[in-house]
Amino acid sequence: MRTTSTTPPARTGVTLLGLGAMGSALAARLLGEGHPVTVWNRTPGRATALVERGAESADAVAEAVTARPLIVACLLRHPSVHETLDPVVDGLRGRTLVNLTTTTPVEARELAAWAAGYDIAYLDGAILAVPAMIGTPGAQIFYSGSQPVYERYRGVFDAWATSTYDGRDAGMASLIDLAMLSGMYQMFAGFFHGAAMVGSEGMTAARFAARTAPFLSAMTNGLAAHARVIDGGDYTAPGQQSLEFSDLSHLVRASEEQGVDPTPIAAVQTLISRQIGAGHGSEGLARVYESLRAEAAATSGHA
Ligand code: NDP
């Protein structure tokens with residue numbers, strides 16, 4: 001959402017490719033804001049509700065990609081973007097493509113390079129919201145790639161969500177989105193593991209959720225302190241919880257004693273043990289970051 005501008009958003013013609021749950025929500029929001037919208041979907045019959053609200057429906061993707069100045073793809077995965085657009089790429093030459101399909105950063109960069117080869121202005125986007133949130137301030141969409149495209153179409157983007165531009169590297173939006181989702185899913189896995197532990201003695205997941213949610217929420221205050229240590233690079237600075245103190249062997253053992261698979265917590269313990277084994281036991285817990293970074297550098301070839 002745009003929060004500071006006083007000018008009304010410009011009405012922009014948009015083609016939306018892909019009418020799944022998310023694509024339909026994006027198209028519906030634009031119609032609600034008065035933007036002219038053309039829609040296309042691989043499987044016919046998904047445009048009916050949007051057409052009733054004023055959308056034009058294109059039968060062929062070739063027709064869709066030339067119908068409006070801004071083309072937005074919200075398909076399933078990276079291959080579906082090529083499957084849809086490769087056959088009509090000549091119609092896309094000189095036009096603007098915003099790809100909101102979830103991809104990895106490498107896939108987003110591949111699409112940006114592909115687009116550049118056909119003189120297509122390309123902006124990648126990553127949606128941090130569920131369809132019902134589209135058009136609410138809690139929805140976030142990250143963008144990276146062409147800055148002129150981002151600036152030109154802010155009126156459209158701000159109709160959908162709180163927009164953030166993450167730079168010209170088309171992979172950055174996806175990278176940040178997936179990194180945030182990594183934290184979310186591991187937190188959920190931690191909750192599922194904890195629920196299974198207490199569930200082994202009959203406590204309901206609902207009761208456990210009520211007990212643990214405020215605690216987890218309070219713990220997020222610690223992220224900034226860990227970040228300061230990581231960015232400063234001094235894991236010996238005073239005031240940190242040491243890796244030795246953070247040894248989670250007892251937690252893994254307790255899980256096993258309850259007959260609960262310890263995989264999520266055992267993974268954390270593996271990272272801690274690796275640092276203790278390397279002689280850093282008296283240093284701060286945030287040093288786990290170094291284990292992960294070393295792994296990334298080894299697989300990507302970066303120092
Ligand atoms: P859906 O499964 O509801 O819809 C998938 C869409 O992709 C359909 O329009 C489908 O067309 C189309 N599609 C799939 N494969 C192809 C293909 N090979 N060629 C052409 N079209 C294809 O998914 P969503 O709408 O929920 O998600 C769309 C994108 O948004 C995904 O990348 C998803 O990760 C992302 N997203 C979704 C969120 C959500 O909560 N839903 C949250 C954040 C991101 P057809 O009808 O013909 O099968």
# chains A, B, ... in the order shown; residues from 1 in each chain; ligands from 1
call {"tool": "closest_atom_pairs", "arguments": {"of": "chain A", "to": "ligand 1", "cutoff": "7 Å", "atoms": "only C-alpha atoms and all ligand atoms", "output": "JSON lines"}}
result
{"residue": "A:Gly18", "atom": "CA", "partner": "ligand 1", "partner_atom_place_in_ligand_line": "9 (O)", "distance": 3.7}
{"residue": "A:Leu19", "atom": "CA", "partner": "ligand 1", "partner_atom_place_in_ligand_line": "9 (O)", "distance": 4.1}
{"residue": "A:Gly20", "atom": "CA", "partner": "ligand 1", "partner_atom_place_in_ligand_line": "4 (O)", "distance": 3.3}
{"residue": "A:Ala21", "atom": "CA", "partner": "ligand 1", "partner_atom_place_in_ligand_line": "25 (O)", "distance": 3.9}
{"residue": "A:Met22", "atom": "CA", "partner": "ligand 1", "partner_atom_place_in_ligand_line": "25 (O)", "distance": 3.6}
{"residue": "A:Gly23", "atom": "CA", "partner": "ligand 1", "partner_atom_place_in_ligand_line": "25 (O)", "distance": 5.1}
{"residue": "A:Asn41", "atom": "CA", "partner": "ligand 1", "partner_atom_place_in_ligand_line": "9 (O)", "distance": 5.5}
{"residue": "A:Arg42", "atom": "CA", "partner": "ligand 1", "partner_atom_place_in_ligand_line": "47 (O)", "distance": 3.9}
{"residue": "A:Thr43", "atom": "CA", "partner": "ligand 1", "partner_atom_place_in_ligand_line": "47 (O)", "distance": 3.7}
{"residue": "A:Arg46", "atom": "CA", "partner": "ligand 1", "partner_atom_place_in_ligand_line": "46 (O)", "distance": 7.0}
{"residue": "A:Cys74", "atom": "CA", "partner": "ligand 1", "partner_atom_place_in_ligand_line": "29 (C)", "distance": 4.9}
{"residue": "A:Leu75", "atom": "CA", "partner": "ligand 1", "partner_atom_place_in_ligand_line": "7 (O)", "distance": 3.6}
{"residue": "A:Leu76", "atom": "CA", "partner": "ligand 1", "partner_atom_place_in_ligand_line": "32 (O)", "distance": 4.0}
{"residue": "A:Arg77", "atom": "CA", "partner": "ligand 1", "partner_atom_place_in_ligand_line": "32 (O)", "distance": 5.1}
{"residue": "A:Pro79", "atom": "CA", "partner": "ligand 1", "partner_atom_place_in_ligand_line": "18 (N)", "distance": 6.6}
{"residue": "A:Ser80", "atom": "CA", "partner": "ligand 1", "partner_atom_place_in_ligand_line": "18 (N)", "distance": 3.8}
{"residue": "A:Val81", "atom": "CA", "partner": "ligand 1", "partner_atom_place_in_ligand_line": "19 (N)", "distance": 6.7}
{"residue": "A:Glu83", "atom": "CA", "partner": "ligand 1", "partner_atom_place_in_ligand_line": "19 (N)", "distance": 5.7}
{"residue": "A:Thr84", "atom": "CA", "partner": "ligand 1", "partner_atom_place_in_ligand_line": "19 (N)", "distance": 5.3}
{"residue": "A:Leu100", "atom": "CA", "partner": "ligand 1", "partner_atom_place_in_ligand_line": "30 (O)", "distance": 6.4}
{"residue": "A:Thr101", "atom": "CA", "partner": "ligand 1", "partner_atom_place_in_ligand_line": "32 (O)", "distance": 3.7}
{"residue": "A:Thr102", "atom": "CA", "partner": "ligand 1", "partner_atom_place_in_ligand_line": "32 (O)", "distance": 3.7}
{"residue": "A:Thr103", "atom": "CA", "partner": "ligand 1", "partner_atom_place_in_ligand_line": "32 (O)", "distance": 7.0}
{"residue": "A:Ala126", "atom": "CA", "partner": "ligand 1", "partner_atom_place_in_ligand_line": "44 (C)", "distance": 6.7}
{"residue": "A:Ile127", "atom": "CA", "partner": "ligand 1", "partner_atom_place_in_ligand_line": "43 (C)", "distance": 4.6}
{"residue": "A:Leu128", "atom": "CA", "partner": "ligand 1", "partner_atom_place_in_ligand_line": "43 (C)", "distance": 5.5}
{"residue": "A:Ala129", "atom": "CA", "partner": "ligand 1", "partner_atom_place_in_ligand_line": "42 (C)", "distance": 5.2}
{"residue": "A:Val130", "atom": "CA", "partner": "ligand 1", "partner_atom_place_in_ligand_line": "40 (O)", "distance": 3.6}
{"residue": "A:Pro131", "atom": "CA", "partner": "ligand 1", "partner_atom_place_in_ligand_line": "40 (O)", "distance": 5.4}
call {"tool": "select_by_dssp", "arguments": {"residues": "stretch 80-237 of chain A", "states": "alpha helix (DSSP H)", "output": "VMD selection string"}}
result
chain A and resid 80 to 85 89 to 92 105 to 117 147 to 152 154 to 160 172 to 199 205 to 219 222 to 232
call {"tool": "residues_around", "arguments": {"residues": "A:Val229", "least_positions_apart": "3", "cutoff": "10 Å", "atoms": "only C-alpha atoms", "output": "ChimeraX atom specification"}}
result
/A:224-226,232-237,240,284-287
call {"tool": "write_last_selection", "arguments": {"atoms": "all heavy atoms", "output": "mmCIF file, in the first residue's frame"}}
result
data_model
loop_
_atom_site.group_PDB
_atom_site.id
_atom_site.type_symbol
_atom_site.label_atom_id
_atom_site.label_comp_id
_atom_site.auth_asym_id
_atom_site.auth_seq_id
_atom_site.Cartn_x
_atom_site.Cartn_y
_atom_site.Cartn_z
ATOM 1 N N ALA A 224 17.335 -9.214 16.589
ATOM 2 C CA ALA A 224 18.173 -8.030 16.331
ATOM 3 C C ALA A 224 19.521 -8.164 17.033
ATOM 4 O O ALA A 224 20.558 -7.769 16.474
ATOM 5 C CB ALA A 224 17.442 -6.767 16.770
ATOM 6 N N ALA A 225 19.525 -8.710 18.239
ATOM 7 C CA ALA A 225 20.788 -8.874 18.972
ATOM 8 C C ALA A 225 21.680 -9.886 18.245
ATOM 9 O O ALA A 225 22.890 -9.665 18.082
ATOM 10 C CB ALA A 225 20.506 -9.329 20.407
ATOM 11 N N HIS A 226 21.118 -11.009 17.803
ATOM 12 C CA HIS A 226 21.902 -11.979 17.026
ATOM 13 C C HIS A 226 22.440 -11.319 15.754
ATOM 14 O O HIS A 226 23.593 -11.538 15.363
ATOM 15 C CB HIS A 226 21.034 -13.184 16.642
ATOM 16 C CG HIS A 226 20.801 -14.143 17.774
ATOM 17 N ND1 HIS A 226 21.812 -14.600 18.580
ATOM 18 C CD2 HIS A 226 19.671 -14.744 18.223
ATOM 19 C CE1 HIS A 226 21.318 -15.444 19.486
ATOM 20 N NE2 HIS A 226 20.020 -15.536 19.292
ATOM 21 N N GLY A 232 28.608 -7.766 13.079
ATOM 22 C CA GLY A 232 29.861 -7.293 13.668
ATOM 23 C C GLY A 232 30.968 -8.341 13.572
ATOM 24 O O GLY A 232 32.155 -8.017 13.603
ATOM 25 N N GLY A 233 30.574 -9.608 13.478
ATOM 26 C CA GLY A 233 31.554 -10.691 13.290
ATOM 27 C C GLY A 233 32.303 -11.098 14.548
ATOM 28 O O GLY A 233 33.241 -11.885 14.476
ATOM 29 N N ASP A 234 31.900 -10.560 15.737
ATOM 30 C CA ASP A 234 32.625 -10.906 16.971
ATOM 31 C C ASP A 234 31.746 -11.805 17.847
ATOM 32 O O ASP A 234 30.904 -11.324 18.604
ATOM 33 C CB ASP A 234 33.020 -9.633 17.728
ATOM 34 C CG ASP A 234 33.837 -9.963 18.981
ATOM 35 O OD1 ASP A 234 34.158 -11.157 19.196
ATOM 36 O OD2 ASP A 234 34.150 -9.027 19.736
ATOM 37 N N TYR A 235 31.986 -13.107 17.744
ATOM 38 C CA TYR A 235 31.175 -14.056 18.506
ATOM 39 C C TYR A 235 31.698 -14.232 19.928
ATOM 40 O O TYR A 235 31.161 -15.019 20.690
ATOM 41 C CB TYR A 235 31.139 -15.405 17.769
ATOM 42 C CG TYR A 235 30.527 -15.285 16.395
ATOM 43 C CD1 TYR A 235 31.336 -15.222 15.263
ATOM 44 C CD2 TYR A 235 29.157 -15.185 16.228
ATOM 45 C CE1 TYR A 235 30.780 -15.081 14.002
ATOM 46 C CE2 TYR A 235 28.592 -15.045 14.971
ATOM 47 C CZ TYR A 235 29.407 -14.989 13.861
ATOM 48 O OH TYR A 235 28.849 -14.841 12.612
ATOM 49 N N THR A 236 32.770 -13.477 20.266
ATOM 50 C CA THR A 236 33.316 -13.560 21.632
ATOM 51 C C THR A 236 32.853 -12.377 22.485
ATOM 52 O O THR A 236 33.181 -12.317 23.671
ATOM 53 C CB THR A 236 34.860 -13.577 21.604
ATOM 54 O OG1 THR A 236 35.314 -12.316 21.087
ATOM 55 C CG2 THR A 236 35.395 -14.708 20.741
ATOM 56 N N ALA A 237 32.155 -11.431 21.891
ATOM 57 C CA ALA A 237 31.716 -10.250 22.645
ATOM 58 C C ALA A 237 30.872 -10.689 23.839
ATOM 59 O O ALA A 237 30.119 -11.675 23.747
ATOM 60 C CB ALA A 237 30.922 -9.325 21.729
ATOM 61 N N GLN A 240 26.659 -12.811 25.297
ATOM 62 C CA GLN A 240 26.026 -13.789 24.404
ATOM 63 C C GLN A 240 25.843 -15.132 25.117
ATOM 64 O O GLN A 240 26.665 -15.528 25.932
ATOM 65 C CB GLN A 240 26.911 -14.034 23.183
ATOM 66 C CG GLN A 240 27.186 -12.807 22.360
ATOM 67 C CD GLN A 240 28.068 -13.131 21.160
ATOM 68 O OE1 GLN A 240 27.748 -13.997 20.371
ATOM 69 N NE2 GLN A 240 29.178 -12.436 21.039
ATOM 70 N N GLY A 284 29.428 -17.285 21.068
ATOM 71 C CA GLY A 284 27.973 -17.106 21.079
ATOM 72 C C GLY A 284 27.220 -18.034 20.128
ATOM 73 O O GLY A 284 27.758 -18.481 19.108
ATOM 74 N N LEU A 285 25.969 -18.292 20.482
ATOM 75 C CA LEU A 285 25.095 -19.162 19.690
ATOM 76 C C LEU A 285 24.991 -18.706 18.234
ATOM 77 O O LEU A 285 24.895 -19.530 17.324
ATOM 78 C CB LEU A 285 23.696 -19.178 20.332
ATOM 79 C CG LEU A 285 22.576 -19.881 19.574
ATOM 80 C CD1 LEU A 285 22.876 -21.359 19.393
ATOM 81 C CD2 LEU A 285 21.243 -19.699 20.319
ATOM 82 N N ALA A 286 25.053 -17.391 18.019
ATOM 83 C CA ALA A 286 24.881 -16.876 16.650
ATOM 84 C C ALA A 286 25.963 -17.380 15.711
ATOM 85 O O ALA A 286 25.835 -17.279 14.484
ATOM 86 C CB ALA A 286 24.874 -15.345 16.659
ATOM 87 N N ARG A 287 27.022 -17.966 16.267
ATOM 88 C CA ARG A 287 28.100 -18.512 15.435
ATOM 89 C C ARG A 287 27.612 -19.644 14.527
ATOM 90 O O ARG A 287 28.270 -19.990 13.536
ATOM 91 C CB ARG A 287 29.240 -19.012 16.323
ATOM 92 C CG ARG A 287 30.552 -18.921 15.620
ATOM 93 C CD ARG A 287 31.712 -19.596 16.247
ATOM 94 N NE ARG A 287 32.573 -19.907 15.132
ATOM 95 C CZ ARG A 287 33.517 -19.092 14.666
ATOM 96 N NH1 ARG A 287 33.803 -17.990 15.291
ATOM 97 N NH2 ARG A 287 34.189 -19.408 13.593
#
call {"tool": "select_by_dssp", "arguments": {"residues": "stretch 32-249 of chain A", "states": "strand (DSSP E or B)", "output": "number ranges by chain"}}
result
A: 37-40, 56-57, 70-73, 96-99, 121-128, 140-145, 162-165, 242
call {"tool": "residues_around", "arguments": {"residues": "A:Phe188", "least_positions_apart": "5", "cutoff": "12 Å", "atoms": "only C-alpha atoms", "output": "ChimeraX atom specification"}}
result
/A:181-183,193-195,209,212-213,216,264
call {"tool": "atom_distance", "arguments": {"atom1": "atom CA of A:Asp231", "atom2": "atom CA of A:Glu283"}}
result
15.2 Å
call {"tool": "closest_residue", "arguments": {"among": "A:Leu17, A:Ala108, A:Leu30, A:Ile134", "to": "A:Thr66", "atoms": "only C-alpha atoms"}}
result
A:Leu17
call {"tool": "residues_around", "arguments": {"residues": "A:Tyr165", "least_positions_apart": "3", "cutoff": "8 Å", "atoms": "only C-alpha atoms", "output": "list in words"}}
result
Phe142, Tyr143, Ser144, Gln147, Tyr150 and Ala173 of chain A
call {"tool": "closest_residue", "arguments": {"among": "A:Thr263, A:Ser174, A:Gln269, A:Thr96", "to": "A:Val149", "atoms": "only C-alpha atoms"}}
result
A:Thr96
call {"tool": "residues_around", "arguments": {"residues": "A:Arg109", "least_positions_apart": "6", "cutoff": "12 Å", "atoms": "only C-alpha atoms", "output": "NGL selection string"}}
result
:A and (78 or 99 or 103 or 115-116 or 122-125 or 144-146 or 168-175)
call {"tool": "write_last_selection", "arguments": {"atoms": "N, CA and C atoms", "output": "PDB file, in the first residue's frame"}}
result
ATOM      1  N   HIS A  78       8.629 -21.932 -12.288  1.00  0.00           N
ATOM      2  CA  HIS A  78       9.463 -21.411 -13.365  1.00  0.00           C
ATOM      3  C   HIS A  78       9.184 -22.053 -14.735  1.00  0.00           C
ATOM      4  N   ASN A  99       6.829 -10.719 -13.435  1.00  0.00           N
ATOM      5  CA  ASN A  99       6.601 -12.135 -13.145  1.00  0.00           C
ATOM      6  C   ASN A  99       6.432 -12.350 -11.645  1.00  0.00           C
ATOM      7  N   THR A 103       9.640 -18.360  -8.018  1.00  0.00           N
ATOM      8  CA  THR A 103      10.819 -19.003  -8.609  1.00  0.00           C
ATOM      9  C   THR A 103      11.949 -18.932  -7.589  1.00  0.00           C
ATOM     10  N   ALA A 115      14.452 -12.471 -20.900  1.00  0.00           N
ATOM     11  CA  ALA A 115      13.662 -11.296 -21.295  1.00  0.00           C
ATOM     12  C   ALA A 115      14.554 -10.255 -21.979  1.00  0.00           C
ATOM     13  N   ALA A 116      15.727 -10.034 -21.403  1.00  0.00           N
ATOM     14  CA  ALA A 116      16.639  -9.031 -21.987  1.00  0.00           C
ATOM     15  C   ALA A 116      16.986  -9.403 -23.426  1.00  0.00           C
ATOM     16  N   TYR A 122      11.856  -6.348 -17.717  1.00  0.00           N
ATOM     17  CA  TYR A 122      11.486  -7.444 -16.795  1.00  0.00           C
ATOM     18  C   TYR A 122      11.633  -7.029 -15.336  1.00  0.00           C
ATOM     19  N   LEU A 123      10.581  -7.275 -14.592  1.00  0.00           N
ATOM     20  CA  LEU A 123      10.610  -7.075 -13.140  1.00  0.00           C
ATOM     21  C   LEU A 123      10.119  -8.355 -12.498  1.00  0.00           C
ATOM     22  N   ASP A 124      10.885  -8.858 -11.544  1.00  0.00           N
ATOM     23  CA  ASP A 124      10.466 -10.068 -10.846  1.00  0.00           C
ATOM     24  C   ASP A 124       9.780  -9.679  -9.541  1.00  0.00           C
ATOM     25  N   GLY A 125       8.819 -10.491  -9.129  1.00  0.00           N
ATOM     26  CA  GLY A 125       8.124 -10.181  -7.878  1.00  0.00           C
ATOM     27  C   GLY A 125       7.924 -11.432  -7.042  1.00  0.00           C
ATOM     28  N   SER A 144      12.255  -7.000  -7.749  1.00  0.00           N
ATOM     29  CA  SER A 144      13.632  -6.681  -8.132  1.00  0.00           C
ATOM     30  C   SER A 144      13.764  -6.893  -9.635  1.00  0.00           C
ATOM     31  N   GLY A 145      14.717  -6.163 -10.209  1.00  0.00           N
ATOM     32  CA  GLY A 145      14.866  -6.152 -11.658  1.00  0.00           C
ATOM     33  C   GLY A 145      14.790  -4.713 -12.135  1.00  0.00           C
ATOM     34  N   SER A 146      14.034  -4.488 -13.192  1.00  0.00           N
ATOM     35  CA  SER A 146      13.985  -3.148 -13.799  1.00  0.00           C
ATOM     36  C   SER A 146      13.388  -2.104 -12.850  1.00  0.00           C
ATOM     37  N   ARG A 168      18.307  -4.034  -8.603  1.00  0.00           N
ATOM     38  CA  ARG A 168      18.265  -4.406 -10.021  1.00  0.00           C
ATOM     39  C   ARG A 168      18.523  -5.881 -10.267  1.00  0.00           C
ATOM     40  N   ASP A 169      19.133  -6.556  -9.314  1.00  0.00           N
ATOM     41  CA  ASP A 169      19.338  -8.009  -9.451  1.00  0.00           C
ATOM     42  C   ASP A 169      17.972  -8.689  -9.340  1.00  0.00           C
ATOM     43  N   ALA A 170      17.529  -9.272 -10.456  1.00  0.00           N
ATOM     44  CA  ALA A 170      16.169  -9.837 -10.503  1.00  0.00           C
ATOM     45  C   ALA A 170      15.966 -10.961  -9.494  1.00  0.00           C
ATOM     46  N   GLY A 171      17.050 -11.549  -8.989  1.00  0.00           N
ATOM     47  CA  GLY A 171      16.913 -12.652  -8.040  1.00  0.00           C
ATOM     48  C   GLY A 171      16.666 -12.229  -6.601  1.00  0.00           C
ATOM     49  N   MET A 172      16.863 -10.936  -6.299  1.00  0.00           N
ATOM     50  CA  MET A 172      16.829 -10.533  -4.882  1.00  0.00           C
ATOM     51  C   MET A 172      15.452 -10.656  -4.236  1.00  0.00           C
ATOM     52  N   ALA A 173      14.410 -10.305  -4.965  1.00  0.00           N
ATOM     53  CA  ALA A 173      13.061 -10.380  -4.373  1.00  0.00           C
ATOM     54  C   ALA A 173      12.770 -11.814  -3.951  1.00  0.00           C
ATOM     55  N   SER A 174      13.068 -12.734  -4.861  1.00  0.00           N
ATOM     56  CA  SER A 174      12.845 -14.143  -4.547  1.00  0.00           C
ATOM     57  C   SER A 174      13.719 -14.590  -3.382  1.00  0.00           C
ATOM     58  N   LEU A 175      14.979 -14.153  -3.390  1.00  0.00           N
ATOM     59  CA  LEU A 175      15.894 -14.582  -2.328  1.00  0.00           C
ATOM     60  C   LEU A 175      15.391 -14.149  -0.951  1.00  0.00           C
TER      61      LEU A 175
END
call {"tool": "closest_residue", "arguments": {"among": "A:Pro148, A:Gly239, A:Gly259, A:Pro137", "to": "A:Val198", "atoms": "only C-alpha atoms"}}
result
A:Gly259
call {"tool": "closest_residue", "arguments": {"among": "A:Ala205, A:Leu223, A:Ala159, A:Ala27", "to": "A:Arg53", "atoms": "only C-alpha atoms"}}
result
A:Ala27
call {"tool": "atom_distance", "arguments": {"atom1": "atom CA of A:Gly45", "atom2": "atom CA of A:Asp59"}}
result
10.2 Å
call {"tool": "residues_around", "arguments": {"residues": "A:Tyr153", "least_positions_apart": "2", "cutoff": "10 Å", "atoms": "only C-alpha atoms", "output": "ChimeraX atom specification"}}
result
/A:9-12,70,98,148-151,155-158
call {"tool": "write_last_selection", "arguments": {"atoms": "N, CA and C atoms", "output": "PDB file, in the first residue's frame"}}
result
ATOM      1  N   PRO A   9      -3.935   6.852  -7.650  1.00  0.00           N
ATOM      2  CA  PRO A   9      -3.175   5.955  -8.513  1.00  0.00           C
ATOM      3  C   PRO A   9      -3.669   6.045  -9.954  1.00  0.00           C
ATOM      4  N   ALA A  10      -2.713   6.009 -10.910  1.00  0.00           N
ATOM      5  CA  ALA A  10      -3.088   6.047 -12.320  1.00  0.00           C
ATOM      6  C   ALA A  10      -3.759   4.732 -12.692  1.00  0.00           C
ATOM      7  N   ARG A  11      -4.708   4.783 -13.622  1.00  0.00           N
ATOM      8  CA  ARG A  11      -5.361   3.570 -14.114  1.00  0.00           C
ATOM      9  C   ARG A  11      -4.507   2.999 -15.236  1.00  0.00           C
ATOM     10  N   THR A  12      -4.106   1.764 -15.088  1.00  0.00           N
ATOM     11  CA  THR A  12      -3.182   1.139 -16.033  1.00  0.00           C
ATOM     12  C   THR A  12      -3.805  -0.134 -16.580  1.00  0.00           C
ATOM     13  N   LEU A  70       0.977  -3.580 -19.647  1.00  0.00           N
ATOM     14  CA  LEU A  70       1.676  -4.313 -18.582  1.00  0.00           C
ATOM     15  C   LEU A  70       1.186  -5.755 -18.548  1.00  0.00           C
ATOM     16  N   VAL A  98       5.986  -8.421 -15.746  1.00  0.00           N
ATOM     17  CA  VAL A  98       6.214  -8.573 -14.305  1.00  0.00           C
ATOM     18  C   VAL A  98       5.860 -10.014 -13.958  1.00  0.00           C
ATOM     19  N   PRO A 148      12.947   1.201 -13.610  1.00  0.00           N
ATOM     20  CA  PRO A 148      11.941   2.010 -14.316  1.00  0.00           C
ATOM     21  C   PRO A 148      10.567   1.345 -14.345  1.00  0.00           C
ATOM     22  N   VAL A 149      10.541   0.025 -14.509  1.00  0.00           N
ATOM     23  CA  VAL A 149       9.237  -0.673 -14.498  1.00  0.00           C
ATOM     24  C   VAL A 149       8.605  -0.556 -13.126  1.00  0.00           C
ATOM     25  N   TYR A 150       9.413  -0.752 -12.094  1.00  0.00           N
ATOM     26  CA  TYR A 150       8.877  -0.650 -10.728  1.00  0.00           C
ATOM     27  C   TYR A 150       8.270   0.731 -10.500  1.00  0.00           C
ATOM     28  N   GLU A 151       8.989   1.760 -10.910  1.00  0.00           N
ATOM     29  CA  GLU A 151       8.499   3.122 -10.655  1.00  0.00           C
ATOM     30  C   GLU A 151       7.280   3.446 -11.515  1.00  0.00           C
ATOM     31  N   GLY A 155       1.495   2.362  -9.093  1.00  0.00           N
ATOM     32  CA  GLY A 155       0.054   2.469  -8.833  1.00  0.00           C
ATOM     33  C   GLY A 155      -0.626   1.107  -8.855  1.00  0.00           C
ATOM     34  N   VAL A 156      -0.175   0.239  -9.748  1.00  0.00           N
ATOM     35  CA  VAL A 156      -0.719  -1.119  -9.818  1.00  0.00           C
ATOM     36  C   VAL A 156      -0.231  -1.939  -8.625  1.00  0.00           C
ATOM     37  N   PHE A 157       1.076  -1.877  -8.377  1.00  0.00           N
ATOM     38  CA  PHE A 157       1.647  -2.713  -7.315  1.00  0.00           C
ATOM     39  C   PHE A 157       1.067  -2.343  -5.945  1.00  0.00           C
ATOM     40  N   ASP A 158       0.890  -1.036  -5.735  1.00  0.00           N
ATOM     41  CA  ASP A 158       0.400  -0.592  -4.431  1.00  0.00           C
ATOM     42  C   ASP A 158      -1.075  -0.931  -4.228  1.00  0.00           C
TER      43      ASP A 158
END
call {"tool": "closest_residue", "arguments": {"among": "A:Pro262, A:Gly167, A:Pro105, A:Gly13", "to": "A:Ala196", "atoms": "only C-alpha atoms"}}
result
A:Pro262
call {"tool": "closest_residue", "arguments": {"among": "A:Ala139, A:Ala28, A:Leu248, A:Ala179", "to": "A:Ile272", "atoms": "only C-alpha atoms"}}
result
A:Leu248
